[in-house]
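Peer 1: So I've got this file, final-v2.tsv, and it contains TSV, C-alpha atoms and all ligand atoms:
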chain	number	residue	atom	x	y	z
A	38	MET	CA	-11.13	-26.08	-19.71
A	39	VAL	CA	-12.54	-25.72	-23.21
A	40	TYR	CA	-13.41	-22.34	-24.59
A	41	ARG	CA	-16.18	-21.79	-27.05
A	42	ALA	CA	-14.06	-20.56	-29.89
A	43	SER	CA	-10.59	-19.50	-30.75
A	44	SER	CA	-10.28	-15.80	-30.16
A	45	PRO	CA	-11.20	-14.10	-33.42
A	46	GLU	CA	-9.82	-10.63	-33.89
A	47	LEU	CA	-12.24	-7.76	-33.72
A	48	SER	CA	-12.83	-5.86	-36.93
A	49	PRO	CA	-11.37	-2.36	-37.34
A	50	SER	CA	-14.91	-1.01	-37.34
A	51	ALA	CA	-16.00	-2.91	-34.21
A	52	ILE	CA	-17.96	-1.27	-31.44
A	53	SER	CA	-18.50	-2.73	-28.00
A	54	THR	CA	-20.98	-3.00	-25.22
A	55	LYS	CA	-21.00	-4.61	-21.81
A	56	MET	CA	-22.99	-6.60	-19.27
A	57	VAL	CA	-22.09	-7.27	-15.66
A	58	VAL	CA	-22.29	-10.55	-13.75
A	59	ALA	CA	-22.60	-9.95	-10.02
A	60	GLY	CA	-23.27	-12.06	-6.95
A	61	GLY	CA	-21.67	-13.42	-3.83
A	62	PHE	CA	-18.37	-15.25	-3.57
A	63	GLY	CA	-18.66	-18.72	-5.13
A	64	ALA	CA	-22.01	-18.03	-6.82
A	65	GLY	CA	-20.56	-19.01	-10.20
A	66	LYS	CA	-19.63	-15.65	-11.74
A	67	THR	CA	-16.30	-16.79	-13.18
A	68	THR	CA	-17.90	-20.00	-14.41
A	69	PHE	CA	-20.69	-18.04	-16.10
A	70	VAL	CA	-18.31	-15.65	-17.85
A	71	ARG	CA	-16.19	-18.60	-18.98
A	72	SER	CA	-19.23	-20.37	-20.44
A	73	VAL	CA	-20.06	-17.43	-22.68
A	74	SER	CA	-16.64	-16.04	-23.54
A	75	GLU	CA	-14.88	-16.80	-26.80
A	76	ILE	CA	-11.57	-15.52	-25.49
A	77	GLU	CA	-9.83	-17.16	-22.61
A	78	PRO	CA	-11.50	-15.35	-19.76
A	79	VAL	CA	-9.12	-13.08	-18.00
A	80	THR	CA	-8.98	-13.41	-14.27
A	81	SER	CA	-6.50	-10.67	-13.95
A	82	GLU	CA	-4.98	-9.48	-10.79
A	83	ALA	CA	-5.78	-5.98	-11.90
A	84	LEU	CA	-3.36	-3.86	-10.03
A	85	MET	CA	-4.88	-0.61	-8.97
A	86	THR	CA	-4.90	1.97	-6.33
A	87	GLU	CA	-8.17	2.75	-4.67
A	88	ALA	CA	-7.73	6.24	-5.99
A	89	SER	CA	-7.23	5.15	-9.59
A	90	ALA	CA	-10.30	3.01	-9.55
A	91	GLY	CA	-12.63	5.45	-7.92
A	92	ALA	CA	-11.98	8.94	-9.15
A	93	ASP	CA	-9.44	7.92	-11.77
A	94	ASP	CA	-7.14	10.18	-9.87
A	95	LEU	CA	-3.73	8.72	-9.31
A	96	SER	CA	-2.26	11.57	-7.35
A	97	ALA	CA	-4.80	12.10	-4.62
A	98	THR	CA	-3.27	9.41	-2.49
A	99	PRO	CA	-0.12	8.32	-4.27
A	100	ASP	CA	1.13	6.43	-1.26
A	101	LYS	CA	-1.97	4.33	-0.93
A	102	VAL	CA	-1.17	0.65	-0.91
A	103	MET	CA	-1.73	-0.94	-4.28
A	104	THR	CA	-4.60	-3.35	-4.31
A	105	THR	CA	-4.79	-6.34	-6.54
A	106	VAL	CA	-8.31	-7.13	-7.53
A	107	ALA	CA	-9.40	-10.30	-9.25
A	108	MET	CA	-11.34	-8.86	-12.12
A	109	ASP	CA	-12.94	-11.43	-14.40
A	110	PHE	CA	-13.92	-10.65	-17.87
A	111	GLY	CA	-14.72	-12.35	-21.13
A	112	ARG	CA	-15.74	-11.31	-24.60
A	113	VAL	CA	-18.09	-12.64	-27.23
A	114	SER	CA	-18.61	-11.38	-30.77
A	115	LEU	CA	-22.31	-10.80	-31.37
A	116	ASP	CA	-21.88	-9.96	-35.03
A	117	ALA	CA	-19.04	-8.89	-37.32
A	118	ASP	CA	-18.86	-5.46	-35.74
A	119	LEU	CA	-20.22	-5.83	-32.22
A	120	ALA	CA	-18.33	-7.23	-29.24
A	121	LEU	CA	-20.02	-7.93	-25.93
A	122	TYR	CA	-17.84	-7.81	-22.84
A	123	LEU	CA	-18.90	-9.60	-19.68
A	124	PHE	CA	-17.46	-8.44	-16.40
A	125	GLY	CA	-17.68	-10.39	-13.17
A	126	THR	CA	-17.74	-8.20	-10.10
A	127	PRO	CA	-14.95	-8.57	-7.57
A	128	GLY	CA	-16.32	-10.51	-4.66
A	129	GLN	CA	-15.02	-8.66	-1.67
A	130	ASP	CA	-17.25	-6.00	-0.22
A	131	ARG	CA	-14.35	-3.65	0.24
A	132	PHE	CA	-14.26	-3.26	-3.55
A	133	TRP	CA	-17.64	-1.57	-3.83
A	134	PHE	CA	-15.90	1.49	-5.21
A	135	LEU	CA	-14.87	-0.59	-8.21
A	136	TRP	CA	-18.41	-1.52	-9.07
A	137	ASP	CA	-19.23	2.03	-10.14
A	138	ASP	CA	-16.42	1.87	-12.67
A	139	LEU	CA	-17.40	-1.63	-13.77
A	140	ILE	CA	-21.05	-0.86	-14.43
A	141	ARG	CA	-20.64	2.52	-16.15
A	142	GLY	CA	-22.15	2.12	-19.60
A	143	ALA	CA	-23.42	-1.44	-19.01
A	144	LEU	CA	-26.61	-2.63	-20.69
A	145	GLY	CA	-27.56	-4.40	-17.49
A	146	ALA	CA	-26.56	-6.94	-14.90
A	147	VAL	CA	-27.20	-10.56	-13.98
A	148	VAL	CA	-27.11	-11.17	-10.24
A	149	LEU	CA	-26.15	-14.81	-9.72
A	150	ALA	CA	-27.34	-16.47	-6.55
A	151	ASP	CA	-26.51	-19.82	-5.03
A	152	PRO	CA	-29.88	-21.04	-3.71
A	153	ARG	CA	-28.16	-22.66	-0.71
A	154	ARG	CA	-26.68	-19.31	0.29
A	155	LEU	CA	-29.24	-16.83	-0.92
A	156	ALA	CA	-28.26	-14.06	1.47
A	157	ASP	CA	-24.86	-13.79	-0.22
A	158	CYS	CA	-26.45	-12.00	-3.17
A	159	PHE	CA	-28.38	-9.45	-1.09
A	160	PRO	CA	-25.62	-6.82	-1.27
A	161	ALA	CA	-25.51	-7.10	-5.08
A	162	ILE	CA	-29.29	-6.75	-5.35
A	163	GLU	CA	-29.28	-3.76	-3.05
A	164	TYR	CA	-26.51	-2.21	-5.08
A	165	PHE	CA	-28.38	-2.52	-8.40
A	166	GLU	CA	-31.68	-1.42	-6.90
A	167	ASN	CA	-29.96	1.88	-6.23
A	168	VAL	CA	-28.48	2.40	-9.68
A	169	PRO	CA	-30.86	4.39	-11.88
A	170	ASP	CA	-31.58	2.97	-15.33
A	171	MET	CA	-29.62	-0.22	-14.80
A	172	PRO	CA	-31.77	-3.26	-15.57
A	173	PHE	CA	-30.86	-6.34	-13.55
A	174	ILE	CA	-32.25	-9.85	-13.32
A	175	VAL	CA	-31.60	-12.56	-10.74
A	176	ALA	CA	-30.45	-16.00	-11.88
A	177	LEU	CA	-30.32	-18.90	-9.43
A	178	ASN	CA	-27.28	-20.97	-10.29
A	179	CYS	CA	-28.65	-24.36	-9.34
A	180	PHE	CA	-25.59	-26.30	-8.34
A	181	ASP	CA	-26.25	-29.87	-9.45
A	182	GLY	CA	-29.83	-29.03	-10.34
A	183	ILE	CA	-30.87	-28.52	-6.74
A	184	LEU	CA	-33.38	-25.81	-5.99
A	185	PRO	CA	-34.42	-26.44	-2.40
A	186	TYR	CA	-37.37	-24.03	-2.52
A	187	GLY	CA	-40.10	-23.02	-4.91
A	188	ILE	CA	-39.06	-20.12	-7.09
A	189	GLU	CA	-41.77	-17.85	-5.66
A	190	ASP	CA	-40.48	-18.58	-2.16
A	191	VAL	CA	-37.09	-17.46	-3.41
A	192	ARG	CA	-38.62	-14.27	-4.81
A	193	ALA	CA	-40.18	-13.56	-1.44
A	194	ALA	CA	-36.90	-14.23	0.33
A	195	LEU	CA	-35.06	-11.89	-2.03
A	196	ALA	CA	-37.76	-9.23	-1.64
A	197	ILE	CA	-37.25	-8.10	-5.22
A	198	ASP	CA	-39.69	-6.07	-7.24
A	199	PRO	CA	-42.30	-8.35	-8.89
A	200	GLU	CA	-41.16	-7.11	-12.30
A	201	VAL	CA	-37.55	-8.18	-11.83
A	202	PRO	CA	-37.10	-11.43	-13.77
A	203	LEU	CA	-36.05	-14.38	-11.62
A	204	LEU	CA	-34.92	-17.56	-13.31
A	205	THR	CA	-32.73	-20.60	-12.83
A	206	CYS	CA	-29.57	-21.30	-14.78
A	207	ASP	CA	-26.55	-23.56	-14.97
A	208	ALA	CA	-23.49	-21.34	-15.07
A	209	ARG	CA	-21.42	-24.19	-16.54
A	210	ASP	CA	-23.66	-24.53	-19.56
A	211	THR	CA	-23.16	-22.16	-22.49
A	212	ALA	CA	-26.75	-22.39	-23.73
A	213	SER	CA	-28.10	-21.73	-20.25
A	214	ALA	CA	-25.77	-18.79	-19.60
A	215	VAL	CA	-26.52	-17.27	-23.00
A	216	TYR	CA	-30.25	-17.73	-22.44
A	217	THR	CA	-29.89	-15.89	-19.13
A	218	LEU	CA	-28.31	-12.97	-20.98
A	219	THR	CA	-31.15	-12.94	-23.53
A	220	GLU	CA	-33.62	-12.66	-20.65
A	221	LEU	CA	-31.72	-9.65	-19.38
A	222	VAL	CA	-31.86	-8.07	-22.83
A	223	ARG	CA	-35.59	-8.73	-23.19
A	224	TYR	CA	-36.19	-7.16	-19.80
A	225	ALA	CA	-34.08	-4.14	-20.75
A	226	MET	CA	-36.09	-3.83	-23.98
A	227	ASN	CA	-39.34	-3.76	-22.02
A	228	LEU	CA	-37.97	-1.06	-19.76
A	229	THR	CA	-36.73	1.12	-22.59
A	230	ARG	CA	-39.75	0.67	-24.83
A	231	ASP	CA	-41.18	4.01	-25.80
A	232	PRO	CA	-44.04	4.60	-23.33
A	233	VAL	CA	-46.20	5.93	-26.20
A	234	PHE	CA	-46.28	2.45	-27.70
A	235	ALA	CA	-46.17	0.48	-24.46
B	175	MET	CA	9.38	9.71	-20.32
B	176	THR	CA	11.57	11.12	-17.58
B	177	SER	CA	10.53	9.49	-14.40
B	178	ALA	CA	12.35	8.99	-11.18
B	179	PRO	CA	13.13	5.35	-10.52
B	180	ALA	CA	10.08	3.80	-8.95
B	181	ARG	CA	10.92	2.98	-5.39
B	182	SER	CA	7.93	0.83	-4.77
B	183	ALA	CA	4.66	-0.24	-6.27
B	184	ARG	CA	3.07	2.54	-4.30
B	185	VAL	CA	4.46	5.38	-6.35
B	186	ARG	CA	4.79	3.54	-9.62
B	187	PRO	CA	1.51	4.46	-11.35
B	188	TYR	CA	2.07	8.12	-10.56
B	189	ALA	CA	5.55	7.91	-12.02
B	190	ILE	CA	4.45	6.20	-15.23
B	191	THR	CA	2.00	8.95	-16.06
B	192	GLY	CA	4.55	11.67	-15.33
B	193	GLY	CA	2.49	12.87	-12.42
B	194	ARG	CA	-0.65	13.46	-14.45
B	195	THR	CA	-3.68	12.35	-12.67
B	196	SER	CA	-6.68	11.69	-14.78
B	197	SER	CA	-7.62	10.99	-18.34
B	198	ARG	CA	-9.71	13.60	-20.08
B	199	ARG	CA	-11.76	11.08	-22.01
B	200	PRO	CA	-14.57	8.82	-20.96
B	201	LEU	CA	-12.72	5.56	-21.36
B	202	LEU	CA	-14.92	2.71	-20.21
B	203	LEU	CA	-13.52	-0.73	-19.45
B	204	GLU	CA	-14.99	-2.00	-22.75
B	205	THR	CA	-13.95	1.01	-24.85
B	206	LEU	CA	-12.08	-0.30	-27.89
B	207	VAL	CA	-8.71	1.08	-28.92
B	208	SER	CA	-6.78	0.41	-32.11
B	209	VAL	CA	-3.82	1.63	-34.14
B	210	PRO	CA	-5.12	2.83	-37.52
B	211	GLY	CA	-1.82	2.27	-39.32
B	212	PHE	CA	1.13	0.84	-37.49
B	213	ASP	CA	4.14	3.06	-38.05
B	214	ARG	CA	7.63	1.82	-37.20
B	215	ALA	CA	8.89	5.37	-36.74
B	216	VAL	CA	6.20	6.02	-34.14
B	217	TYR	CA	7.05	2.72	-32.51
B	218	GLN	CA	10.71	3.76	-32.24
B	219	GLU	CA	9.73	7.08	-30.71
B	220	LEU	CA	7.51	5.66	-28.01
B	221	VAL	CA	8.86	4.30	-24.78
B	222	ALA	CA	7.92	1.88	-22.07
B	223	GLU	CA	4.24	1.31	-21.40
B	224	THR	CA	3.11	3.63	-24.18
B	225	ARG	CA	5.05	1.60	-26.70
B	226	GLU	CA	3.61	-1.64	-25.35
B	227	ILE	CA	0.10	-0.25	-25.75
B	228	TYR	CA	0.87	0.88	-29.31
B	229	VAL	CA	2.08	-2.60	-30.20
B	230	LEU	CA	-0.78	-4.42	-28.50
B	231	CYS	CA	-3.42	-2.26	-30.16
B	232	ARG	CA	-2.40	-3.25	-33.68
B	233	ALA	CA	-5.31	-5.60	-33.03
B	234	VAL	CA	-8.43	-4.00	-31.58
B	235	ARG	CA	-8.41	-4.19	-27.76
B	236	SER	CA	-10.54	-2.92	-24.93
B	237	ILE	CA	-9.16	-0.83	-22.09
B	238	ALA	CA	-9.67	-3.86	-19.81
B	239	GLU	CA	-7.74	-6.12	-22.19
B	240	ILE	CA	-4.88	-3.63	-22.36
B	241	SER	CA	-4.69	-3.47	-18.59
B	242	ALA	CA	-4.87	-7.22	-18.13
B	243	GLY	CA	-2.63	-8.04	-21.09
B	244	LEU	CA	0.17	-5.69	-20.09
B	245	GLY	CA	-0.29	-5.76	-16.33
B	246	ILE	CA	-0.77	-2.00	-16.16
B	247	PRO	CA	-3.29	-0.55	-13.69
B	248	LEU	CA	-6.52	0.64	-15.28
B	249	GLY	CA	-6.08	4.25	-14.22
B	250	VAL	CA	-2.65	4.35	-15.87
B	251	VAL	CA	-3.93	2.73	-19.07
B	252	ARG	CA	-6.60	5.42	-19.30
B	253	VAL	CA	-4.11	8.26	-18.99
B	254	LEU	CA	-1.65	6.75	-21.48
B	255	VAL	CA	-4.33	5.87	-24.03
B	256	SER	CA	-5.71	9.36	-23.73
B	257	ASP	CA	-2.24	10.73	-24.54
B	258	LEU	CA	-1.88	8.42	-27.54
B	259	VAL	CA	-5.23	9.62	-28.84
B	260	ASP	CA	-4.17	13.26	-28.46
B	261	GLU	CA	-1.03	12.48	-30.44
B	262	GLY	CA	-3.11	10.79	-33.15
B	263	ARG	CA	-1.41	7.45	-32.64
B	264	VAL	CA	-4.36	5.34	-31.62
B	265	ARG	CA	-8.07	5.74	-32.13
B	266	ILE	CA	-10.91	5.11	-29.77
B	267	HIS	CA	-13.89	3.34	-31.28
B	268	PRO	CA	-17.17	5.14	-30.65
B	269	SER	CA	-19.60	3.84	-28.07
B	270	PRO	CA	-22.82	2.43	-29.55
B	271	ALA	CA	-24.64	5.61	-28.55
B	272	ALA	CA	-21.98	7.80	-30.17
B	273	ALA	CA	-22.12	5.56	-33.24
B	274	GLY	CA	-25.74	6.62	-33.55
B	275	ALA	CA	-27.55	3.51	-32.36
B	276	PRO	CA	-30.57	4.24	-30.18
B	277	GLU	CA	-30.79	2.01	-27.12
B	278	HIS	CA	-33.58	-0.20	-28.45
B	279	VAL	CA	-31.79	-0.77	-31.77
B	280	LEU	CA	-28.66	-1.81	-29.90
B	281	LEU	CA	-30.65	-4.13	-27.62
B	282	GLU	CA	-32.28	-5.80	-30.63
B	283	ARG	CA	-28.89	-6.28	-32.20
B	284	VAL	CA	-27.50	-7.74	-28.97
B	285	LEU	CA	-30.48	-10.09	-28.70
B	286	ARG	CA	-30.02	-11.31	-32.28
B	287	GLY	CA	-26.31	-11.81	-31.63
B	288	LEU	CA	-26.90	-13.82	-28.47
B	289	GLN	CA	-29.49	-15.96	-30.21
B	290	SER	CA	-26.99	-16.78	-32.94
B	291	ILE	CA	-24.43	-18.20	-30.52
B	292	GLN	CA	-23.88	-21.91	-31.06
B	293	PRO	CA	-22.76	-23.68	-27.89
C	1	LIG	N1	-21.72	-28.36	-9.49
C	1	LIG	C1	-21.65	-27.10	-9.91
C	1	LIG	N2	-20.55	-26.39	-9.62
C	1	LIG	C2	-20.48	-25.09	-10.04
C	1	LIG	C3	-21.53	-24.47	-10.75
C	1	LIG	N3	-21.20	-23.19	-10.99
C	1	LIG	C4	-19.99	-23.01	-10.45
C	1	LIG	N4	-19.54	-24.17	-9.88
C	1	LIG	C5	-18.29	-24.36	-9.14
C	1	LIG	O1	-18.39	-23.57	-7.97
C	1	LIG	C6	-17.15	-22.94	-7.66
C	1	LIG	C7	-17.30	-21.44	-7.59
C	1	LIG	O2	-17.62	-20.94	-8.89
C	1	LIG	P1	-16.98	-19.59	-9.44
C	1	LIG	O3	-17.45	-19.45	-10.84
C	1	LIG	O4	-15.52	-19.56	-9.21
C	1	LIG	O5	-17.69	-18.53	-8.48
C	1	LIG	P2	-17.42	-16.97	-8.32
C	1	LIG	O6	-16.72	-16.79	-7.02
C	1	LIG	O7	-18.78	-16.35	-8.28
C	1	LIG	O8	-16.62	-16.51	-9.48
C	1	LIG	C8	-16.17	-23.39	-8.73
C	1	LIG	O9	-15.43	-24.46	-8.23
C	1	LIG	C9	-17.08	-23.84	-9.87
C	1	LIG	O10	-16.47	-24.83	-10.64
C	1	LIG	C10	-22.71	-25.28	-11.05
C	1	LIG	O11	-23.66	-24.83	-11.66
C	1	LIG	N5	-22.70	-26.56	-10.59
C	2	MG	MG	-14.75	-15.61	-9.47
Would you mind giving the structure from this file in structure tokens?
Ligand SMILES: Nc1nc2c(ncn2[C@@H]2O[C@H](COP(=O)(O)OP(=O)(O)O)[C@@H](O)[C@H]2O)c(=O)[nH]1
Ligand SMILES: [Mg+2]
Peer 2:
Amino acid sequence: MVYRASSPELSPSAISTKMVVAGGFGAGKTTFVRSVSEIEPVTSEALMTEASAGADDLSATPDKVMTTVAMDFGRVSLDADLALYLFGTPGQDRFWFLWDDLIRGALGAVVLADPRRLADCFPAIEYFENVPDMPFIVALNCFDGILPYGIEDVRAALAIDPEVPLLTCDARDTASAVYTLTELVRYAMNLTRDPVFA
Amino acid sequence: MTSAPARSARVRPYAITGGRTSSRRPLLLETLVSVPGFDRAVYQELVAETREIYVLCRAVRSIAEISAGLGIPLGVVRVLVSDLVDEGRVRIHPSPAAAGAPEHVLLERVLRGLQSIQP
């Protein structure tokens, strides 16, 4: 697997921000993060207790079985002093409690959907619909270019708000993945635009 | 750190943090941490996971990278980094908001950065 760049070190004055890539198991989250990341994406078996992840409280249930969670993330330098981190959500539903930690402070989220298994992304959409001030868009990862339905049929099937951007992408392709992120940013800009000037 | 020998993975995180339970700082997964001036004397003083963090953060790292790089649970990394900050040994880089960038300025900067990426 080829990465976009060798991992440049962040500058001492760097600041960071974050976006989240969500979706069902096998939707292409890891692939997407890999396409954008300039460091070798980390698919770490992040060892954590349910307590540590949720309330950041390690003592509440110290005997709780440790859980290993496959947490994907990558990083890309947007300019000399700004690093963007991309986090893929853990797939299993029993890790919902981790999502709250993952999304805290995020600029927004891309929900990836496999058009052949649309329903797999419903839980992610429902999750983000219930997070205040968290812009999300839906990107159909068209495996091998196949989109079996018209995109408006997909919108109807997803029952998403008409304003939520819905687009197609190829998670394996850097330009396509990056473009998807720019669409998320543009959408977030529209949402945050000062209403006086809107 | 005086900790009882960890009997199993179950009690280990609690032992590493000396029984303390939560970090007092808002450390997000992407929060950057760095060592302003690496000091060998400090290095000698530190032990175990705290020392590993001190060494790793000679280059700027996020909380997530520290956890993944050292194999330390996120909750533990947060507590230990918080301690190191209190002791003045590492610094936390400000969030964009704390650095004074309004949301729309940050978004414009992110957009420009994304558009400059060459596949
Ligand atoms: N043909 C094709 N395969 C893909 C595409 N995106 C992902 N894959 C493959 O689909 C599988 C699941 O992708 P992965 O990124 O691991 O999904 P995740 O579970 O959401 O992280 C992997 O074997 C990928 O190589 C795509 O756009 N086209
Ligand atoms: Mg994955």
Peer 1: Taking (-33.9, 2.1, -30.5) in the file's coordinates as the center, which residues reach within 12 Å of it, counting all atoms listed in the file, put as a VMD selection string?
Peer 2: (chain A and resid 225 to 231) or (chain B and resid 270 to 271 274 to 284)
Peer 1: Any idea what's packed within 7 Å of range 204-220 of chain B, counting only C-alpha atoms, ignoring anything in its chain fewer than 6 positions away? Could you give it as a list in words?
Peer 2: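 My reading of the contact set: Ile52, Ser53, Thr54, Lys55 and Tyr122 of chain A; Tyr228, Cys231, Arg232, Ala233, Val234, Arg235, Ser236, Ile237, Ala238, Arg263, Val264, Arg265, Ile266 and His267 of chain B.
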Peer 1: Restrict the selected residues to C-alpha atoms and save them as a PDB file, in the frame of the given file.
Peer 2:
ATOM      1  CA  ILE A  52     -17.960  -1.270 -31.440  1.00  0.00           C
ATOM      2  CA  SER A  53     -18.500  -2.730 -28.000  1.00  0.00           C
ATOM      3  CA  THR A  54     -20.980  -3.000 -25.220  1.00  0.00           C
ATOM      4  CA  LYS A  55     -21.000  -4.610 -21.810  1.00  0.00           C
ATOM      5  CA  TYR A 122     -17.840  -7.810 -22.840  1.00  0.00           C
TER       6      TYR A 122
ATOM      7  CA  TYR B 228       0.870   0.880 -29.310  1.00  0.00           C
ATOM      8  CA  CYS B 231      -3.420  -2.260 -30.160  1.00  0.00           C
ATOM      9  CA  ARG B 232      -2.400  -3.250 -33.680  1.00  0.00           C
ATOM     10  CA  ALA B 233      -5.310  -5.600 -33.030  1.00  0.00           C
ATOM     11  CA  VAL B 234      -8.430  -4.000 -31.580  1.00  0.00           C
ATOM     12  CA  ARG B 235      -8.410  -4.190 -27.760  1.00  0.00           C
ATOM     13  CA  SER B 236     -10.540  -2.920 -24.930  1.00  0.00           C
ATOM     14  CA  ILE B 237      -9.160  -0.830 -22.090  1.00  0.00           C
ATOM     15  CA  ALA B 238      -9.670  -3.860 -19.810  1.00  0.00           C
ATOM     16  CA  ARG B 263      -1.410   7.450 -32.640  1.00  0.00           C
ATOM     17  CA  VAL B 264      -4.360   5.340 -31.620  1.00  0.00           C
ATOM     18  CA  ARG B 265      -8.070   5.740 -32.130  1.00  0.00           C
ATOM     19  CA  ILE B 266     -10.910   5.110 -29.770  1.00  0.00           C
ATOM     20  CA  HIS B 267     -13.890   3.340 -31.280  1.00  0.00           C
TER      21      HIS B 267
END
Peer 1: Let me make sure I understand: among A:Val79, A:Val73, A:Leu135, A:Ala193, which one has the smallest atom-to-atom distance to Leu248 in chain B if we use all atoms listed in the file?
Peer 2: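 With all atoms listed in the file as the atom set, the closest residue is A:Leu135.
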Peer 1: Which neighbours of range 174-186 of chain A fall inside 6 Å, counting all atoms listed in the file, when residues of the same chain fewer than 5 positions from it are skipped, and could you give them as a ChimeraX atom specification?
Peer 2: /A:147-151,201-207
Peer 1: Could you take the residues named above and write them with C-alpha atoms, as a short mmCIF file (atom, residue, chain, number, x, y, z; two decimals), in the frame of the given file?
Peer 2:
data_model
loop_
_atom_site.label_atom_id
_atom_site.label_comp_id
_atom_site.auth_asym_id
_atom_site.auth_seq_id
_atom_site.Cartn_x
_atom_site.Cartn_y
_atom_site.Cartn_z
CA VAL A 147 -27.20 -10.56 -13.98
CA VAL A 148 -27.11 -11.17 -10.24
CA LEU A 149 -26.15 -14.81 -9.72
CA ALA A 150 -27.34 -16.47 -6.55
CA ASP A 151 -26.51 -19.82 -5.03
CA VAL A 201 -37.55 -8.18 -11.83
CA PRO A 202 -37.10 -11.43 -13.77
CA LEU A 203 -36.05 -14.38 -11.62
CA LEU A 204 -34.92 -17.56 -13.31
CA THR A 205 -32.73 -20.60 -12.83
CA CYS A 206 -29.57 -21.30 -14.78
CA ASP A 207 -26.55 -23.56 -14.97
#
Peer 1: Let me see if you get this right: every residue at most 10 Å from ligand MG 2 (chain C), counting only C-alpha atoms and all ligand atoms, written as a VMD selection string.
Peer 2: chain A and resid 59 to 70 80 107 to 110 125 to 128
Peer 1: Between CA of Ala161 in chain A and CA of Ser241 in chain B, what distance in Å does the model show, to one decimal?
Peer 2: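 Taking CA of Ala161 in chain A and CA of Ser241 in chain B, their separation equals 25.1 Å.
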Peer 1: When distances are computed from only C-alpha atoms and all ligand atoms, which of A:Ser72, A:Thr217, A:Ser114, A:Asn167 shows the smallest separation from ligand LIG 1 (chain C)?
Peer 2: A:Ser72
Peer 1: What separation in Å, quoted to one decimal, exists between CA of Pro172 in chain A and CA of Ala120 in chain A?
Peer 2: 19.6 Å
Peer 1: Using only C-alpha atoms for the distances, tell me which of A:Trp133, A:Phe159, A:Phe173, A:Phe124 is nearest to chain B.
Peer 2: A:Phe124
Peer 1: When you get a chance, write out N, CA, C and O atoms for range 209-219 of chain B, as a tab-separated table (two decimals), in the frame of the given file.
Peer 2:
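After the write, result.tsv holds the following:
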chain	number	residue	atom	x	y	z
B	209	VAL	N	-4.81	0.84	-33.40
B	209	VAL	CA	-3.82	1.63	-34.14
B	209	VAL	C	-4.26	1.63	-35.61
B	209	VAL	O	-4.29	0.59	-36.24
B	210	PRO	N	-4.60	2.79	-36.15
B	210	PRO	CA	-5.12	2.83	-37.52
B	210	PRO	C	-4.09	2.37	-38.56
B	210	PRO	O	-4.42	1.68	-39.50
B	211	GLY	N	-2.84	2.74	-38.39
B	211	GLY	CA	-1.82	2.27	-39.32
B	211	GLY	C	-0.51	2.20	-38.55
B	211	GLY	O	0.04	3.23	-38.18
B	212	PHE	N	-0.07	0.98	-38.31
B	212	PHE	CA	1.13	0.84	-37.49
B	212	PHE	C	2.32	1.47	-38.20
B	212	PHE	O	2.56	1.23	-39.37
B	213	ASP	N	3.04	2.29	-37.47
B	213	ASP	CA	4.14	3.06	-38.05
B	213	ASP	C	5.42	2.76	-37.25
B	213	ASP	O	5.48	3.05	-36.06
B	214	ARG	N	6.39	2.20	-37.91
B	214	ARG	CA	7.63	1.82	-37.20
B	214	ARG	C	8.32	3.02	-36.58
B	214	ARG	O	8.91	2.92	-35.50
B	215	ALA	N	8.24	4.16	-37.26
B	215	ALA	CA	8.89	5.37	-36.74
B	215	ALA	C	8.23	5.78	-35.41
B	215	ALA	O	8.92	6.14	-34.45
B	216	VAL	N	6.91	5.70	-35.38
B	216	VAL	CA	6.20	6.02	-34.14
B	216	VAL	C	6.61	5.03	-33.05
B	216	VAL	O	6.89	5.39	-31.91
B	217	TYR	N	6.65	3.77	-33.46
B	217	TYR	CA	7.05	2.72	-32.51
B	217	TYR	C	8.41	3.04	-31.89
B	217	TYR	O	8.60	2.90	-30.69
B	218	GLN	N	9.37	3.46	-32.74
B	218	GLN	CA	10.71	3.76	-32.24
B	218	GLN	C	10.69	4.93	-31.24
B	218	GLN	O	11.45	4.94	-30.28
B	219	GLU	N	9.81	5.87	-31.53
B	219	GLU	CA	9.73	7.08	-30.71
B	219	GLU	C	9.16	6.80	-29.31
B	219	GLU	O	9.54	7.45	-28.35
